[in-house]
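A.B. asks: my_file32.txt (compact mmCIF, C-alpha atoms and all ligand atoms) pasted underneath:
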# COMPACT_ATOMS: atom_id res chain seq x y z
CA MET A 1360 -96.28 84.50 25.88
CA THR A 1361 -97.14 86.83 22.99
CA ALA A 1362 -94.98 89.79 22.02
CA GLU A 1363 -97.76 92.07 23.26
CA ASN A 1364 -97.69 90.49 26.70
CA THR A 1365 -93.94 90.39 26.88
CA ALA A 1366 -93.84 94.11 26.19
CA SER A 1367 -96.39 94.84 28.90
CA HIS A 1368 -94.61 92.69 31.45
CA LEU A 1369 -91.10 94.07 31.29
CA THR A 1370 -88.32 92.05 32.77
CA LEU A 1371 -88.21 91.90 36.54
CA ILE A 1372 -85.07 93.57 37.79
CA GLU A 1373 -83.70 91.57 40.64
CA THR A 1374 -81.03 92.17 43.21
CA GLY A 1375 -80.05 88.75 44.47
CA SER A 1376 -83.28 86.83 45.04
CA GLN A 1377 -85.22 89.97 46.02
CA ALA A 1378 -86.59 92.76 43.90
CA HIS A 1379 -87.32 96.31 44.96
CA PRO A 1380 -91.12 96.74 44.93
CA GLU A 1381 -90.88 99.89 42.82
CA GLU A 1382 -89.08 97.90 40.13
CA LEU A 1383 -91.72 95.19 39.89
CA THR A 1384 -93.96 95.12 36.88
CA SER A 1385 -95.44 91.73 37.75
CA SER A 1386 -97.17 90.84 40.98
CA ILE A 1387 -96.96 87.14 40.21
CA GLN A 1388 -94.69 85.14 37.92
CA ILE A 1389 -95.65 81.55 37.28
CA ASP A 1390 -93.07 79.43 35.51
CA GLY A 1391 -93.48 75.84 34.31
CA PHE A 1392 -96.22 75.24 36.88
CA SER A 1393 -97.91 71.83 37.02
CA ALA A 1394 -100.47 70.92 39.69
CA TYR A 1395 -101.50 67.46 40.82
CA TYR A 1396 -104.04 65.75 43.05
CA GLY A 1397 -102.33 62.47 43.79
CA LYS A 1398 -100.98 61.35 40.42
CA ASN A 1399 -103.64 63.20 38.50
CA CYS A 1400 -102.13 66.13 36.59
CA ILE A 1401 -104.64 69.02 36.58
CA ILE A 1402 -102.46 71.84 35.24
CA SER A 1403 -99.45 71.19 33.08
CA GLY A 1404 -96.49 73.44 32.42
CA LEU A 1405 -98.29 76.76 32.84
CA THR A 1406 -96.27 79.96 32.49
CA LEU A 1407 -97.94 83.29 33.20
CA ASP A 1408 -97.03 86.76 34.42
CA ILE A 1409 -99.66 88.80 36.23
CA ALA A 1410 -99.33 92.57 36.17
CA HIS A 1411 -98.71 94.38 39.47
CA LYS A 1412 -101.87 96.45 39.01
CA GLY A 1413 -105.19 95.92 37.28
CA VAL A 1414 -107.68 93.11 36.94
CA THR A 1415 -106.72 89.77 35.40
CA CYS A 1416 -109.70 87.51 34.73
CA LEU A 1417 -109.25 83.74 34.47
CA LEU A 1418 -111.89 82.30 32.17
CA GLY A 1419 -112.54 78.72 31.21
CA PRO A 1420 -114.89 75.77 31.57
CA SER A 1421 -115.44 74.00 34.89
CA GLY A 1422 -112.78 71.53 35.92
CA THR A 1423 -110.03 73.35 34.02
CA GLY A 1424 -107.96 74.05 37.12
CA LYS A 1425 -108.70 77.76 37.66
CA SER A 1426 -109.44 77.37 41.38
CA THR A 1427 -106.50 75.01 41.78
CA LEU A 1428 -104.20 77.64 40.30
CA LEU A 1429 -105.64 80.38 42.51
CA ARG A 1430 -105.39 78.17 45.59
CA TRP A 1431 -101.69 77.60 44.98
CA LEU A 1432 -100.92 81.28 44.58
CA ASN A 1433 -101.30 81.81 48.32
CA ARG A 1434 -100.61 78.18 49.24
CA ILE A 1435 -104.10 77.40 50.51
CA ASN A 1436 -103.89 74.19 48.49
CA GLU A 1437 -101.06 73.08 50.72
CA GLU A 1438 -103.79 72.21 53.20
CA THR A 1439 -105.54 69.95 50.65
CA GLU A 1440 -104.73 66.29 50.94
CA ASN A 1441 -102.86 64.85 47.95
CA ALA A 1442 -102.28 68.28 46.37
CA SER A 1443 -98.81 69.06 45.05
CA PHE A 1444 -97.14 71.13 42.38
CA THR A 1445 -93.92 71.40 40.43
CA GLY A 1446 -92.45 74.51 38.84
CA ARG A 1447 -92.07 77.91 40.36
CA ILE A 1448 -94.30 80.73 41.54
CA LYS A 1449 -92.86 84.06 42.55
CA THR A 1450 -94.80 86.86 44.10
CA LEU A 1451 -93.37 90.34 44.30
CA GLY A 1452 -90.05 88.79 43.25
CA LEU A 1453 -90.00 86.16 46.02
CA ASP A 1454 -90.48 82.42 45.66
CA ILE A 1455 -93.73 81.49 47.44
CA MET A 1456 -92.17 78.35 48.90
CA GLU A 1457 -88.50 79.08 49.55
CA ASP A 1458 -88.77 82.74 50.53
CA TYR A 1459 -91.85 82.45 52.75
CA PRO A 1460 -91.05 80.02 55.58
CA ASP A 1461 -94.02 81.64 57.35
CA VAL A 1462 -97.08 81.18 55.14
CA THR A 1463 -98.95 83.86 57.13
CA GLU A 1464 -96.54 86.42 55.72
CA LEU A 1465 -97.35 85.26 52.17
CA ARG A 1466 -101.09 85.48 52.85
CA ARG A 1467 -100.64 88.98 54.16
CA GLN A 1468 -99.41 89.91 50.68
CA ILE A 1469 -101.93 87.78 48.80
CA GLY A 1470 -105.50 87.86 50.12
CA MET A 1471 -108.22 85.52 48.92
CA VAL A 1472 -112.01 85.65 48.73
CA PHE A 1473 -114.14 82.64 47.80
CA GLN A 1474 -117.36 82.06 45.91
CA GLN A 1475 -119.51 81.73 49.03
CA PRO A 1476 -119.20 84.68 51.42
CA CYS A 1477 -117.32 83.24 54.35
CA VAL A 1478 -118.24 85.38 57.38
CA PHE A 1479 -117.59 84.33 60.97
CA PRO A 1480 -120.54 83.94 63.38
CA CYS A 1481 -119.87 87.22 65.15
CA SER A 1482 -120.44 90.93 64.57
CA VAL A 1483 -119.43 92.90 61.50
CA TYR A 1484 -116.75 94.65 63.58
CA ASP A 1485 -115.38 91.41 65.06
CA ASN A 1486 -115.18 89.89 61.58
CA MET A 1487 -112.91 92.76 60.62
CA LEU A 1488 -110.91 92.37 63.85
CA MET A 1489 -110.27 88.70 62.93
CA GLY A 1490 -108.54 89.91 59.80
CA LEU A 1491 -106.24 92.01 61.95
CA ARG A 1492 -105.45 89.36 64.55
CA HIS A 1493 -101.84 88.91 63.41
CA LEU A 1494 -101.05 92.62 63.75
CA LYS A 1495 -100.32 94.25 67.05
CA LEU A 1496 -102.45 97.38 66.78
CA SER A 1497 -103.87 99.59 69.50
CA LYS A 1498 -107.67 99.78 69.71
CA ALA A 1499 -107.66 103.19 68.05
CA GLU A 1500 -105.38 102.00 65.22
CA ALA A 1501 -107.56 98.92 64.70
CA ARG A 1502 -110.68 101.09 64.55
CA GLU A 1503 -109.12 103.39 61.93
CA THR A 1504 -107.83 100.46 59.84
CA ILE A 1505 -111.23 98.78 59.94
CA LYS A 1506 -113.03 101.97 58.95
CA GLY A 1507 -110.54 102.55 56.09
CA SER A 1508 -110.95 99.01 54.76
CA LEU A 1509 -114.74 99.11 54.95
CA LYS A 1510 -114.65 102.39 53.03
CA ARG A 1511 -112.28 100.90 50.45
CA ALA A 1512 -114.66 97.96 50.04
CA ALA A 1513 -117.54 100.43 49.46
CA LEU A 1514 -119.38 99.06 52.50
CA TRP A 1515 -118.83 101.70 55.20
CA ASP A 1516 -121.93 103.77 54.40
CA GLU A 1517 -124.11 100.66 54.67
CA VAL A 1518 -122.68 99.25 57.92
CA ALA A 1519 -121.36 102.26 59.88
CA HIS A 1520 -124.52 102.25 62.02
CA ARG A 1521 -124.59 98.45 62.49
CA LEU A 1522 -121.03 97.43 63.24
CA GLU A 1523 -122.22 95.39 66.24
CA ALA A 1524 -124.88 93.52 64.22
CA PRO A 1525 -124.19 89.87 63.37
CA ALA A 1526 -122.34 89.67 60.05
CA ILE A 1527 -124.77 86.96 58.99
CA SER A 1528 -127.60 89.54 59.11
CA LEU A 1529 -126.08 91.41 56.14
CA SER A 1530 -127.27 90.60 52.62
CA LEU A 1531 -125.11 88.11 50.69
CA GLY A 1532 -123.72 90.91 48.54
CA GLN A 1533 -122.80 92.89 51.68
CA GLN A 1534 -121.27 89.77 53.24
CA GLN A 1535 -119.09 89.30 50.17
CA ARG A 1536 -117.93 92.93 50.38
CA LEU A 1537 -117.25 92.34 54.09
CA CYS A 1538 -115.00 89.41 53.10
CA ILE A 1539 -113.20 91.68 50.65
CA ALA A 1540 -112.89 94.40 53.33
CA ARG A 1541 -111.52 91.81 55.77
CA ALA A 1542 -108.90 90.78 53.20
CA LEU A 1543 -108.01 94.44 52.66
CA VAL A 1544 -107.16 95.18 56.31
CA LEU A 1545 -103.77 93.58 55.77
CA LYS A 1546 -103.14 95.85 52.77
CA PRO A 1547 -102.41 92.99 50.35
CA LYS A 1548 -100.59 93.64 47.10
CA VAL A 1549 -102.63 90.93 45.37
CA LEU A 1550 -106.25 89.92 45.86
CA LEU A 1551 -107.45 86.54 44.56
CA LEU A 1552 -111.19 86.32 43.89
CA ASP A 1553 -112.68 82.93 43.02
CA GLU A 1554 -116.05 83.56 41.34
CA PRO A 1555 -116.89 86.26 43.91
CA THR A 1556 -120.29 87.06 42.41
CA ALA A 1557 -121.44 83.54 41.54
CA SER A 1558 -123.74 83.25 44.54
CA ILE A 1559 -125.20 86.76 44.67
CA ASP A 1560 -127.85 88.74 42.85
CA PRO A 1561 -127.12 90.87 39.75
CA ILE A 1562 -127.35 94.25 41.54
CA SER A 1563 -124.96 93.20 44.30
CA SER A 1564 -122.72 91.69 41.62
CA ARG A 1565 -122.47 95.07 39.93
CA ALA A 1566 -121.43 96.66 43.25
CA ILE A 1567 -118.65 94.10 43.54
CA GLU A 1568 -117.60 94.63 39.94
CA ASP A 1569 -117.30 98.39 40.58
CA LEU A 1570 -115.26 97.63 43.66
CA VAL A 1571 -112.97 95.25 41.75
CA VAL A 1572 -112.32 97.87 39.08
CA ALA A 1573 -111.55 100.52 41.72
CA LEU A 1574 -109.20 98.19 43.64
CA GLY A 1575 -107.44 97.28 40.40
CA GLU A 1576 -106.20 100.85 40.18
CA THR A 1577 -103.88 100.28 43.11
CA ILE A 1578 -103.37 96.53 43.49
CA SER A 1579 -103.29 93.36 41.42
CA ILE A 1580 -106.58 91.47 41.23
CA VAL A 1581 -106.81 87.92 39.88
CA MET A 1582 -110.44 86.95 39.43
CA VAL A 1583 -111.94 83.66 38.28
CA THR A 1584 -115.29 84.16 36.61
CA HIS A 1585 -117.64 82.23 34.34
CA ASN A 1586 -119.42 85.39 33.37
CA ILE A 1587 -118.28 86.63 29.97
CA ALA A 1588 -120.20 89.93 30.22
CA GLN A 1589 -118.61 90.53 33.62
CA THR A 1590 -115.16 89.85 32.17
CA LYS A 1591 -115.88 92.44 29.49
CA ARG A 1592 -116.81 94.98 32.16
CA VAL A 1593 -113.93 94.50 34.60
CA ALA A 1594 -110.90 92.85 33.00
CA ASP A 1595 -107.74 94.61 31.94
CA HIS A 1596 -106.22 91.28 30.97
CA VAL A 1597 -107.94 87.97 30.19
CA VAL A 1598 -106.48 84.47 30.43
CA PHE A 1599 -108.53 81.75 28.77
CA MET A 1600 -107.72 78.28 30.15
CA CYS A 1601 -108.88 74.85 29.14
CA ASP A 1602 -107.76 71.42 30.36
CA GLY A 1603 -105.08 72.86 32.61
CA LYS A 1604 -103.42 74.92 29.89
CA ILE A 1605 -103.62 78.49 28.69
CA VAL A 1606 -105.33 78.56 25.31
CA GLU A 1607 -104.86 82.29 24.81
CA GLN A 1608 -104.34 85.44 26.84
CA GLY A 1609 -104.26 89.13 26.11
CA SER A 1610 -105.71 92.51 26.86
CA ARG A 1611 -109.50 92.79 27.14
CA ASN A 1612 -109.60 94.53 23.76
CA HIS A 1613 -107.65 91.72 22.15
CA MET A 1614 -109.67 88.93 23.74
CA PHE A 1615 -113.01 90.45 22.73
CA SER A 1616 -111.90 91.23 19.20
CA LEU A 1617 -112.03 89.11 16.09
CA ARG A 1618 -108.28 88.57 16.28
CA THR A 1619 -108.47 85.78 18.86
CA CYS A 1620 -107.95 82.13 17.99
CA ASP A 1621 -111.02 80.09 17.00
CA LYS A 1622 -111.21 78.30 20.36
CA THR A 1623 -111.27 81.54 22.34
CA ARG A 1624 -113.83 83.09 20.03
CA THR A 1625 -116.12 80.07 20.31
CA TYR A 1626 -115.91 80.19 24.11
CA ILE A 1627 -116.46 83.92 24.34
CA THR A 1628 -119.27 84.15 21.82
CA GLU A 1629 -121.06 80.83 22.40
CA GLU A 1630 -119.93 80.04 25.97
CA PHE A 1631 -119.01 76.63 24.61
CA CYS A 1632 -115.62 75.00 24.66
CA ASP A 1633 -114.45 72.85 21.77
CA CYS A 1634 -110.84 72.51 22.93
N1 LIG B 1 -109.21 68.13 46.44
C1 LIG B 1 -109.24 67.56 45.24
N2 LIG B 1 -108.90 66.26 45.08
C2 LIG B 1 -108.93 65.68 43.87
N3 LIG B 1 -109.28 66.31 42.73
C3 LIG B 1 -109.63 67.60 42.83
C4 LIG B 1 -109.63 68.30 44.08
N4 LIG B 1 -110.03 69.58 43.87
C5 LIG B 1 -110.27 69.68 42.54
N5 LIG B 1 -110.03 68.49 41.92
C6 LIG B 1 -110.17 68.22 40.49
O1 LIG B 1 -109.27 69.07 39.78
C7 LIG B 1 -109.86 69.52 38.56
C8 LIG B 1 -109.79 71.03 38.53
O2 LIG B 1 -110.64 71.54 39.55
P1 LIG B 1 -110.76 73.10 39.81
O3 LIG B 1 -109.42 73.66 39.99
O4 LIG B 1 -111.73 73.27 40.91
O5 LIG B 1 -111.35 73.60 38.41
P2 LIG B 1 -112.15 74.94 38.04
O6 LIG B 1 -111.98 75.91 39.15
O7 LIG B 1 -111.55 75.39 36.74
O8 LIG B 1 -113.58 74.52 37.85
C9 LIG B 1 -111.27 68.95 38.53
O9 LIG B 1 -111.24 67.77 37.74
C10 LIG B 1 -111.55 68.60 39.96
O10 LIG B 1 -112.44 67.53 40.06
MG MG B 2 -113.42 76.78 40.41
How does this structure look as structure tokens?

C.D. replies:
Amino acid sequence: MTAENTASHLTLIETGSQAHPEELTSSIQIDGFSAYYGKNCIISGLTLDIAHKGVTCLLGPSGTGKSTLLRWLNRINEETENASFTGRIKTLGLDIMEDYPDVTELRRQIGMVFQQPCVFPCSVYDNMLMGLRHLKLSKAEARETIKGSLKRAALWDEVAHRLEAPAISLSLGQQQRLCIARALVLKPKVLLLDEPTASIDPISSRAIEDLVVALGETISIVMVTHNIAQTKRVADHVVFMCDGKIVEQGSRNHMFSLRTCDKTRTYITEEFCDC
């Protein structure tokens, strides 16, 4: 980690194994993390702190392990055959394995949205209700929470009059914002976005970018993207990965300046990786 990053990610103050949320400066701390599929090592010895607010973009060529990393942060990869990891990941000061015997609790803190909008074959409203199924809310509370999350996902104005319409009848961009809204009902502290705009049109992509920037003001967003221009528009912090390792990371200003290493500059300016 560079001096610049160390300074911006001050030491986590812990009491026992837990930290008080107000003392956290990192939402996620990854330490000596290696990921495997069978015996195949995909990520090796990765160490990274992610700030408790703002947008961190993970950039890098296909096959580098970006999705694998994201999928371990909320333990979705646990459900993948042959997938394993060594090292340690802490979120909000707690070890994602040892301190979360109930993975649902972890996923309440760390929401995830995938490249393809993943809506259920039911109404817009029922899709939102699915997100709330683990909470015991009254109908009125559920309605308020759903409205609040749809507003936060900048979708309310477009769907308020069609909450009973099938979610599949929304445009792809709206469906992706519905997925984000559904993740937001649980009030996560971290939102993982794996190429959230890769399958939608440029105008809808911009709506999602605006949403990501707005959400980054209150929570921690970790977004995988292949889009360099998008990274420039939304990132507070950029991590450039290649072959399962971090090549370079830093603030957006640093990563888009001439001060980066040659490999980063080649990737960012020519979208070509010579690592
Ligand atoms: N379920 C799996 N089983 C075996 N290998 C996998 C699996 N998922 C991904 N991989 C391999 O792991 C590597 C990293 O994949 P991935 O994390 O999806 O990369 P990225 O998101 O950077 O494109 C690739 O070589 C990919 O083929
Ligand atoms: Mg991927």

A.B. asks: Could you give me the residues within 10 Å of ligand MG 2 (chain B), counting all atoms listed in the file, as an mmCIF file with C-alpha atoms, keeping the file's coordinate frame?

C.D. replies:
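What follows is the written file out36.cif:
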data_model
loop_
_atom_site.group_PDB
_atom_site.id
_atom_site.type_symbol
_atom_site.label_atom_id
_atom_site.label_comp_id
_atom_site.auth_asym_id
_atom_site.auth_seq_id
_atom_site.Cartn_x
_atom_site.Cartn_y
_atom_site.Cartn_z
ATOM 1 C CA GLY A 1419 -112.540 78.720 31.210
ATOM 2 C CA PRO A 1420 -114.890 75.770 31.570
ATOM 3 C CA SER A 1421 -115.440 74.000 34.890
ATOM 4 C CA GLY A 1422 -112.780 71.530 35.920
ATOM 5 C CA THR A 1423 -110.030 73.350 34.020
ATOM 6 C CA GLY A 1424 -107.960 74.050 37.120
ATOM 7 C CA LYS A 1425 -108.700 77.760 37.660
ATOM 8 C CA SER A 1426 -109.440 77.370 41.380
ATOM 9 C CA THR A 1427 -106.500 75.010 41.780
ATOM 10 C CA LEU A 1428 -104.200 77.640 40.300
ATOM 11 C CA LEU A 1429 -105.640 80.380 42.510
ATOM 12 C CA ARG A 1430 -105.390 78.170 45.590
ATOM 13 C CA PHE A 1473 -114.140 82.640 47.800
ATOM 14 C CA GLN A 1474 -117.360 82.060 45.910
ATOM 15 C CA ASP A 1553 -112.680 82.930 43.020
ATOM 16 C CA GLU A 1554 -116.050 83.560 41.340
ATOM 17 C CA VAL A 1583 -111.940 83.660 38.280
ATOM 18 C CA THR A 1584 -115.290 84.160 36.610
ATOM 19 C CA HIS A 1585 -117.640 82.230 34.340
#

A.B. asks: Extract, using only C-alpha atoms, all DNA, RNA and protein residues at most 6 Å from Gly1575 in chain A, discarding same-chain residues fewer than 4 positions from it, and format them as a ChimeraX atom specification.

C.D. replies: /A:1412-1414,1579-1580

A.B. asks: Grab all the atoms of range 1439-1442 of chain A that the file lists, wrap them in a box along x, y and z, add 8 Å per side, and give me centre plus edge lengths in Å (one decimal) as lines of an AutoDock Vina configuration file.

C.D. replies:
center_x = -103.9
center_y = 67.4
center_z = 48.7
size_x = 19.3
size_y = 21.1
size_z = 20.6

A.B. asks: Might you pull out every residue within 8 Å of range 1620-1622 of chain A, with all atoms listed in the file counted and same-chain residues fewer than 2 positions away left off, and present them as a PyMOL selection string?

C.D. replies: chain A and resi 1606-1607+1618+1624-1626+1632-1634

A.B. asks: Give me, please, the distance in Å between CA of Ile1435 in chain A and CA of Leu1531 in chain A, quoted to one decimal.

C.D. replies: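 That distance, rounded to one decimal, is 23.6 Å.
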
A.B. asks: For Glu1437 in chain A, find every residue with an atom within 12 Å (counting all atoms listed in the file), except residues of its own chain fewer than 5 positions away, and show them as a PDB file with C-alpha atoms, keeping the file's coordinate frame.

C.D. replies:
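The resulting around-v8.pdb:
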ATOM      1  CA  ALA A1394    -100.470  70.920  39.690  1.00  0.00           C
ATOM      2  CA  TYR A1395    -101.500  67.460  40.820  1.00  0.00           C
ATOM      3  CA  TYR A1396    -104.040  65.750  43.050  1.00  0.00           C
ATOM      4  CA  THR A1427    -106.500  75.010  41.780  1.00  0.00           C
ATOM      5  CA  LEU A1428    -104.200  77.640  40.300  1.00  0.00           C
ATOM      6  CA  LEU A1429    -105.640  80.380  42.510  1.00  0.00           C
ATOM      7  CA  ARG A1430    -105.390  78.170  45.590  1.00  0.00           C
ATOM      8  CA  TRP A1431    -101.690  77.600  44.980  1.00  0.00           C
ATOM      9  CA  LEU A1432    -100.920  81.280  44.580  1.00  0.00           C
ATOM     10  CA  ALA A1442    -102.280  68.280  46.370  1.00  0.00           C
ATOM     11  CA  SER A1443     -98.810  69.060  45.050  1.00  0.00           C
ATOM     12  CA  PHE A1444     -97.140  71.130  42.380  1.00  0.00           C
ATOM     13  CA  ILE A1455     -93.730  81.490  47.440  1.00  0.00           C
ATOM     14  CA  MET A1456     -92.170  78.350  48.900  1.00  0.00           C
ATOM     15  CA  VAL A1462     -97.080  81.180  55.140  1.00  0.00           C
TER      16      VAL A1462
END

A.B. asks: Pick out the residues sitting within 6 Å of Met1582 in chain A, and hand them over as a list in words; count all atoms listed in the file, and ignore anything fewer than 3 positions along from it in its own chain.

C.D. replies: Cys1416, Leu1551, Leu1552 and Asp1553 of chain A

A.B. asks: Would you please work out which residue, of A:Asp1569, A:Asp1485, A:Glu1438, A:Glu1576, is nearest to Thr1556 in chain A when using all atoms listed in the file?

C.D. replies: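 Closest candidate: A:Asp1569.
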
A.B. asks: I'd like the neighbourhood of Leu1514 in chain A as JSON, numbers by chain, where a residue qualifies if any of its atoms comes within 10 Å (using only C-alpha atoms), though same-chain residues fewer than 6 positions away should be ignored.

C.D. replies: {"A": [1506, 1508, 1533, 1534, 1536, 1537, 1539, 1540, 1566, 1570]}

A.B. asks: So, counting only C-alpha atoms, which residue among A:His1596, A:Lys1495, A:Arg1434, A:His1613 is closest to Arg1466 in chain A?

C.D. replies: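 For Arg1466 in chain A, the nearest of the candidates is A:Arg1434.
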
A.B. asks: Taking only C-alpha atoms into account, which of A:Asn1433, A:Ser1610, A:Thr1590, A:Ser1482 comes nearest Arg1521 in chain A?

C.D. replies: A:Ser1482

A.B. asks: Which residue, A:Thr1463, A:Thr1445, A:Asn1399, A:Ser1393, has the smallest gap to ligand LIG 1 (chain B) when you use all atoms listed in the file?

C.D. replies: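 When distances to ligand LIG 1 (chain B) are compared using all atoms listed in the file, the smallest one comes from A:Asn1399.
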